[in-house]
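J.: Please find one structure pasted underneath; my questions will follow.
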Amino acid sequence: MDTEARDQGPDLSPITESAGQMAGVSTRYLDGYPEMLAAVLSSGRRLTGDELASRREAGRQAAEHGVALRSLLDLYLGGTRMVWRELATPGTAAATVLVEACFQAASDAVVALAEGYDTAHHIALRQEEAGRREFIDDLFSERSDLGRLAERAQHFGLRLAEAHIVTVAKADEPFGEATPASRTVSATMTNRFREHDLLIITKDERLVCVAPSSLPEASTEFAQQVTSTGPRNCRVGVGRAHRGPRGVLRSFGEACRSIDLAERLGHADRVVEATDFLVFEVLLRDRAAMSDLIATVLGPLHNTRGGAAPLVETLDAYFSHGTVPGAARALHLSTRAVVYRLERVSKLTGYSATDPGQRFTLEAAVLGARLLDWPAHPLTPSG
């Protein structure tokens, strides 16, 4: 009977309960630990691999159930003190060895506990990031399930019933989740608008800000941060406000197209808005009609010496600056040379850049040439 009692060891459940009450944590995460320390105090051994694995599992479960690491460590250190007071035998020759063994075991257990805790957090972060990327892909896809998308959006701080404005930054150097510019802009925007629902992401090597239309200053701040801290040759496009899940995709498309149009038209501003390019969006929808306009109005310029390019460039400068002197300065030509070229255009095409009745047609053809990069690229024949 005495041998059986000795093998079973003392009842340490009161220690487990007391430690749990003091730390304010469920005792389930401490189960088995006092018995491990008791075994260490009786033999001076180290914790076994299985015992350490059980502590890692306890740490993982605690993390998954939202227990703070500070409270968990308080639970274990409190349990260690109580076991020591209950079982240690001071004054013996082996007391020093047992003290070292006990606290070495406690240290090993706490390290294993923290490892399990960290592992659970790393897994949760990876799952969260994977879910975030899946949500982003669905948000910018025309084939996603709108009902499911709206449900998941709230988890990421978006209320898709509202209208949203999407602002896009594009640069020669691609934006990535881990690039310094992306991290800096994201941190600044989060700190500035922490009380609001913003989504700062990367998409197709662009940095993207999705903000409610009730917060237009977010687009302004995002553009300022990107152009001041982002890569060189960075351009920002701002879409219009649109409502619903498809509204985010539509605004994103407008922002991207405004950047593309600004580049093709040689727009000087680094920040451009979709509303500034609505007329070009209309023109591009009927590419065949635009090609016909360019061929009909500007096609005869191909027949001049030097080709059409210098004359189209002169027309573009004249329409952009409004005067012959302004165009001359932009082209680094004399006013006489600009006047000569404009007269040459009028003679070849029959359209005068200075005639109010003919200017609109000629300017529309020049804009179309810029959009289609003519005459560098041939026009698509109409059906």
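Residue numbering restarts at 1 in every chain; chains get A, B, ... in the order shown in the structure tokens, and ligands count up from 1 in that same order.
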As an MDAnalysis selection string, please: the residues near Leu315 of chain A (cut-off 12 Å, only C-alpha atoms, same-chain neighbours under 3 positions excluded).

T.: chainID A and resid 298 301 308:312 318:324 326:328 330:331 338:346 351:354 359 362:367 369:370

J.: Pick out the residues sitting within 6 Å of His242 of chain A, and hand them over as a list of chain:residue names; count only C-alpha atoms, and ignore anything fewer than 2 positions along from it in its own chain.

T.: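 Neighbouring residues, sequence-local ones excluded: A:Ala163, A:His164, A:Gly247.
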
J.: Neighbours of Arg183 of chain A within 12 Å (only C-alpha atoms; same-chain residues fewer than 4 positions away dropped), as a ChimeraX atom specification?

T.: /A:175-179,187-190,200-202,207,225-226,229-230

J.: Can you work out which one of A:Gly307, A:Gly253, A:Gly368, A:Pro245 has the shortest atom-to-atom distance to Leu283 of chain A, counting only C-alpha atoms?

T.: A:Gly368

J.: Given only C-alpha atoms as the basis, pick out the residue of A:Asp31, A:Val282, A:Leu348, A:Ala63 nearest to Ala120 of chain A.

T.: A:Ala63

J.: So which residues touch Ala295 of chain A within 9 Å, counting only C-alpha atoms, skipping near sequence neighbours fewer than 5 positions away, as a PyMOL selection string?

T.: chain A and resi 290+300+365+379

J.: Based on the selection just made, write all heavy atoms of those residues as an mmCIF file, in the first residue's frame.

T.:
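Below is the file that was written, selection-v1.cif:
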data_model
loop_
_atom_site.group_PDB
_atom_site.id
_atom_site.type_symbol
_atom_site.label_atom_id
_atom_site.label_comp_id
_atom_site.auth_asym_id
_atom_site.auth_seq_id
_atom_site.Cartn_x
_atom_site.Cartn_y
_atom_site.Cartn_z
ATOM 1 N N MET A 290 -12.206 55.918 -84.551
ATOM 2 C CA MET A 290 -11.089 56.816 -84.305
ATOM 3 C C MET A 290 -10.023 56.651 -85.393
ATOM 4 O O MET A 290 -9.441 57.633 -85.870
ATOM 5 C CB MET A 290 -10.479 56.551 -82.924
ATOM 6 C CG MET A 290 -9.415 57.555 -82.525
ATOM 7 S SD MET A 290 -8.585 57.122 -80.994
ATOM 8 C CE MET A 290 -9.956 57.183 -79.857
ATOM 9 N N PRO A 300 -3.145 62.528 -95.014
ATOM 10 C CA PRO A 300 -2.356 63.212 -96.052
ATOM 11 C C PRO A 300 -0.991 63.713 -95.583
ATOM 12 O O PRO A 300 -0.125 63.979 -96.422
ATOM 13 C CB PRO A 300 -3.260 64.390 -96.448
ATOM 14 C CG PRO A 300 -4.646 63.919 -96.138
ATOM 15 C CD PRO A 300 -4.501 63.102 -94.904
ATOM 16 N N ALA A 365 -8.673 64.625 -84.038
ATOM 17 C CA ALA A 365 -7.810 63.686 -84.759
ATOM 18 C C ALA A 365 -6.429 63.610 -84.132
ATOM 19 O O ALA A 365 -5.831 62.528 -84.034
ATOM 20 C CB ALA A 365 -7.704 64.111 -86.229
ATOM 21 N N LEU A 379 -2.450 52.241 -88.281
ATOM 22 C CA LEU A 379 -3.829 52.216 -87.845
ATOM 23 C C LEU A 379 -4.467 50.878 -88.170
ATOM 24 O O LEU A 379 -4.091 50.199 -89.145
ATOM 25 C CB LEU A 379 -4.622 53.335 -88.535
ATOM 26 C CG LEU A 379 -4.153 54.755 -88.234
ATOM 27 C CD1 LEU A 379 -4.901 55.746 -89.126
ATOM 28 C CD2 LEU A 379 -4.377 55.107 -86.776
#

J.: What's the separation between atom CA of Ile15 of chain A and atom CA of Gly116 of chain A, in Å to one decimal place?

T.: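 Separation between atom CA of Ile15 of chain A and atom CA of Gly116 of chain A: 23.3 Å.
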
J.: Write down as a PyMOL selection string the residues of segment 181-381 of chain A whose backbone DSSP state falls under alpha helix (DSSP H).

T.: chain A and resi 181-192+216-229+245-265+278-285+287-298+309-321+324-331+335-349+356-371

J.: Hey, which of A:Asp355, A:Glu64, A:Asp204, A:Asp373 ends up closest to Leu261 of chain A? Count only C-alpha atoms.

T.: A:Asp373

J.: Any idea what's packed within 12 Å of Arg240 of chain A, counting only C-alpha atoms, ignoring anything in its chain fewer than 2 positions away? Could you give it as a PyMOL selection string?

T.: chain A and resi 163-168+210-213+216+219+237-238+242-243+247-258+272-278

J.: May I have the residues from that selection written out with N, CA and C atoms, as a CSV table (one decimal), in the first residue's frame?

T.:
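Dumped everything to selection29.csv:
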chain,number,residue,atom,x,y,z
A,163,ALA,N,-20.4,53.5,-51.3
A,163,ALA,CA,-19.6,53.8,-52.4
A,163,ALA,C,-18.1,53.9,-52.0
A,164,HIS,N,-17.2,53.5,-52.9
A,164,HIS,CA,-15.8,53.5,-52.6
A,164,HIS,C,-15.0,54.2,-53.7
A,165,ILE,N,-13.9,54.8,-53.4
A,165,ILE,CA,-13.0,55.4,-54.3
A,165,ILE,C,-11.7,54.6,-54.3
A,166,VAL,N,-11.2,54.1,-55.4
A,166,VAL,CA,-10.0,53.4,-55.5
A,166,VAL,C,-8.9,54.3,-56.1
A,167,THR,N,-7.8,54.4,-55.4
A,167,THR,CA,-6.6,55.1,-55.9
A,167,THR,C,-5.5,54.2,-56.1
A,168,VAL,N,-4.8,54.3,-57.2
A,168,VAL,CA,-3.8,53.3,-57.6
A,168,VAL,C,-2.5,54.1,-57.9
A,210,VAL,N,-8.2,51.5,-51.1
A,210,VAL,CA,-9.7,51.5,-51.3
A,210,VAL,C,-10.3,52.2,-50.1
A,211,ALA,N,-11.0,53.3,-50.3
A,211,ALA,CA,-11.5,54.1,-49.2
A,211,ALA,C,-12.9,54.5,-49.5
A,212,PRO,N,-13.7,54.6,-48.4
A,212,PRO,CA,-15.1,55.0,-48.6
A,212,PRO,C,-15.2,56.4,-49.3
A,213,SER,N,-16.2,56.7,-50.1
A,213,SER,CA,-16.3,58.0,-50.8
A,213,SER,C,-16.6,59.1,-49.8
A,216,PRO,N,-12.9,61.5,-48.9
A,216,PRO,CA,-12.1,61.8,-50.1
A,216,PRO,C,-10.7,62.2,-49.7
A,219,SER,N,-7.8,59.6,-50.4
A,219,SER,CA,-7.2,59.5,-51.7
A,219,SER,C,-6.1,60.6,-51.8
A,237,GLY,N,-3.3,57.3,-60.1
A,237,GLY,CA,-4.6,57.5,-60.7
A,237,GLY,C,-5.8,57.3,-59.7
A,238,VAL,N,-6.8,58.2,-59.8
A,238,VAL,CA,-7.9,58.2,-58.9
A,238,VAL,C,-9.2,57.9,-59.6
A,242,HIS,N,-17.9,54.5,-56.8
A,242,HIS,CA,-19.0,53.6,-57.2
A,242,HIS,C,-19.4,52.7,-56.0
A,243,ARG,N,-20.7,52.3,-56.1
A,243,ARG,CA,-21.3,51.6,-55.0
A,243,ARG,C,-21.3,50.1,-55.2
A,247,GLY,N,-18.5,48.0,-57.7
A,247,GLY,CA,-18.1,49.3,-57.7
A,247,GLY,C,-16.6,49.5,-57.4
A,248,VAL,N,-16.1,48.7,-56.5
A,248,VAL,CA,-14.6,48.7,-56.3
A,248,VAL,C,-13.8,48.3,-57.5
A,249,LEU,N,-14.2,47.3,-58.2
A,249,LEU,CA,-13.6,46.8,-59.4
A,249,LEU,C,-13.7,47.9,-60.5
A,250,ARG,N,-14.8,48.5,-60.6
A,250,ARG,CA,-15.0,49.6,-61.6
A,250,ARG,C,-14.1,50.8,-61.3
A,251,SER,N,-14.0,51.2,-60.1
A,251,SER,CA,-13.2,52.3,-59.7
A,251,SER,C,-11.7,52.0,-59.9
A,252,PHE,N,-11.3,50.8,-59.6
A,252,PHE,CA,-10.0,50.3,-59.8
A,252,PHE,C,-9.6,50.4,-61.3
A,253,GLY,N,-10.5,49.9,-62.2
A,253,GLY,CA,-10.2,49.9,-63.6
A,253,GLY,C,-10.1,51.3,-64.1
A,254,GLU,N,-10.9,52.3,-63.6
A,254,GLU,CA,-10.8,53.7,-64.0
A,254,GLU,C,-9.5,54.3,-63.6
A,255,ALA,N,-9.1,54.0,-62.4
A,255,ALA,CA,-7.8,54.5,-61.9
A,255,ALA,C,-6.6,54.0,-62.7
A,256,CYS,N,-6.7,52.7,-63.1
A,256,CYS,CA,-5.6,52.1,-63.9
A,256,CYS,C,-5.6,52.7,-65.3
A,257,ARG,N,-6.8,52.9,-65.9
A,257,ARG,CA,-6.8,53.4,-67.2
A,257,ARG,C,-6.4,54.9,-67.3
A,258,SER,N,-6.7,55.6,-66.2
A,258,SER,CA,-6.3,57.0,-66.2
A,258,SER,C,-4.8,57.2,-66.2
A,272,VAL,N,-3.5,62.0,-61.5
A,272,VAL,CA,-4.6,62.2,-62.5
A,272,VAL,C,-5.8,61.5,-62.0
A,273,GLU,N,-7.0,62.1,-62.4
A,273,GLU,CA,-8.3,61.5,-62.0
A,273,GLU,C,-9.0,61.0,-63.2
A,274,ALA,N,-9.8,60.0,-63.0
A,274,ALA,CA,-10.6,59.4,-64.1
A,274,ALA,C,-11.5,60.4,-64.7
A,275,THR,N,-12.0,61.3,-64.0
A,275,THR,CA,-13.0,62.3,-64.5
A,275,THR,C,-12.3,63.2,-65.6
A,276,ASP,N,-11.0,63.3,-65.5
A,276,ASP,CA,-10.3,64.1,-66.5
A,276,ASP,C,-10.1,63.4,-67.9
A,277,PHE,N,-10.5,62.1,-67.9
A,277,PHE,CA,-10.2,61.3,-69.1
A,277,PHE,C,-11.5,60.7,-69.7
A,278,LEU,N,-12.6,61.2,-69.3
A,278,LEU,CA,-13.9,60.5,-69.7
A,278,LEU,C,-14.0,60.6,-71.2

J.: Let's see if you can do this: from backbone DSSP, list all strand (DSSP E) residues in segment 187-351 of chain A, as a ChimeraX atom specification.

T.: /A:199-203,206-212,235-238,242-243,271-273

J.: Keeping only N, CA and C atoms, write those residues as a compact mmCIF listing (two decimals), in the first residue's frame.

T.:
# COMPACT_ATOMS: atom_id res chain seq x y z
N LEU A 199 -8.46 50.02 -46.97
CA LEU A 199 -7.76 48.81 -47.38
C LEU A 199 -6.59 49.23 -48.25
N ILE A 200 -5.36 48.99 -47.76
CA ILE A 200 -4.15 49.29 -48.51
C ILE A 200 -3.54 47.97 -48.93
N ILE A 201 -3.44 47.73 -50.22
CA ILE A 201 -2.98 46.44 -50.73
C ILE A 201 -2.06 46.65 -51.93
N THR A 202 -1.44 45.56 -52.37
CA THR A 202 -0.75 45.58 -53.66
C THR A 202 -1.52 44.69 -54.62
N LYS A 203 -1.57 45.13 -55.86
CA LYS A 203 -2.30 44.38 -56.89
C LYS A 203 -1.61 44.61 -58.22
N ARG A 206 1.10 47.12 -58.35
CA ARG A 206 0.67 48.48 -58.06
C ARG A 206 0.27 48.56 -56.59
N LEU A 207 0.37 49.76 -56.01
CA LEU A 207 -0.10 49.97 -54.64
C LEU A 207 -1.49 50.59 -54.72
N VAL A 208 -2.43 50.02 -53.96
CA VAL A 208 -3.85 50.36 -54.12
C VAL A 208 -4.44 50.78 -52.78
N CYS A 209 -5.22 51.85 -52.81
CA CYS A 209 -5.96 52.30 -51.62
C CYS A 209 -7.45 52.27 -51.94
N VAL A 210 -8.21 51.52 -51.14
CA VAL A 210 -9.67 51.47 -51.27
C VAL A 210 -10.25 52.20 -50.06
N ALA A 211 -10.96 53.30 -50.31
CA ALA A 211 -11.48 54.13 -49.22
C ALA A 211 -12.94 54.47 -49.49
N PRO A 212 -13.75 54.63 -48.44
CA PRO A 212 -15.14 55.04 -48.64
C PRO A 212 -15.21 56.43 -49.26
N ARG A 235 3.32 57.44 -60.73
CA ARG A 235 2.11 58.16 -61.14
C ARG A 235 0.92 57.57 -60.40
N VAL A 236 -0.03 58.43 -60.03
CA VAL A 236 -1.19 58.01 -59.24
C VAL A 236 -2.46 58.30 -60.02
N GLY A 237 -3.34 57.31 -60.09
CA GLY A 237 -4.64 57.47 -60.72
C GLY A 237 -5.75 57.34 -59.70
N VAL A 238 -6.77 58.19 -59.81
CA VAL A 238 -7.89 58.19 -58.86
C VAL A 238 -9.17 57.86 -59.62
N HIS A 242 -17.93 54.52 -56.76
CA HIS A 242 -18.96 53.59 -57.22
C HIS A 242 -19.41 52.73 -56.04
N ARG A 243 -20.67 52.33 -56.08
CA ARG A 243 -21.25 51.59 -54.96
C ARG A 243 -21.28 50.09 -55.24
N VAL A 271 -0.44 63.09 -60.51
CA VAL A 271 -1.70 62.59 -59.97
C VAL A 271 -2.81 62.96 -60.95
N VAL A 272 -3.50 61.95 -61.46
CA VAL A 272 -4.55 62.19 -62.45
C VAL A 272 -5.83 61.51 -61.98
N GLU A 273 -6.96 62.07 -62.42
CA GLU A 273 -8.26 61.54 -62.01
C GLU A 273 -9.01 61.01 -63.22

J.: Using only C-alpha atoms, can you tell me which of A:Arg232, A:Gly59, A:Gln21, A:Arg159 comes closest to Glu173 of chain A?

T.: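 Nearest candidate to Glu173 of chain A out of A:Arg232, A:Gly59, A:Gln21, A:Arg159: A:Arg232.
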
J.: Calculate how many Å separate atom CA of Tyr33 of chain A from atom CA of Val83 of chain A, rounding to one decimal.

T.: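 Atom CA of Tyr33 of chain A sits 9.6 Å away from atom CA of Val83 of chain A.
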
J.: From the options A:Pro375, A:Ala153, A:Phe360, A:Leu293, which residue's atoms come nearest to Gly306 of chain A, counting only C-alpha atoms?

T.: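 Smallest separation from Gly306 of chain A among the options: A:Pro375.
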
J.: Between atom CA of Glu205 of chain A and atom CA of Asp172 of chain A, what distance in Å does the model show, to one decimal?

T.: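 So the two atoms, atom CA of Glu205 of chain A and atom CA of Asp172 of chain A, lie 9.8 Å apart.
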
J.: Which residues, written as a short mmCIF file (atom, residue, chain, number, x, y, z; two decimals) with C-alpha atoms, in the first residue's frame, have at least one atom at most 10 Å from Phe193 of chain A, with only C-alpha atoms counted and residues fewer than 3 positions away on the same chain left out?

T.:
data_model
loop_
_atom_site.label_atom_id
_atom_site.label_comp_id
_atom_site.auth_asym_id
_atom_site.auth_seq_id
_atom_site.Cartn_x
_atom_site.Cartn_y
_atom_site.Cartn_z
CA THR A 188 1.24 56.23 -42.50
CA MET A 189 -2.28 55.76 -43.86
CA THR A 190 -3.21 53.38 -41.03
CA HIS A 196 -11.86 54.65 -40.63
CA ASP A 197 -12.15 51.62 -42.86
CA LEU A 198 -9.31 51.62 -45.39
CA LEU A 215 -13.49 60.07 -46.90
CA GLU A 217 -9.13 63.10 -48.09
CA ALA A 218 -7.81 59.52 -47.94
CA GLU A 221 -3.22 61.73 -48.56
#
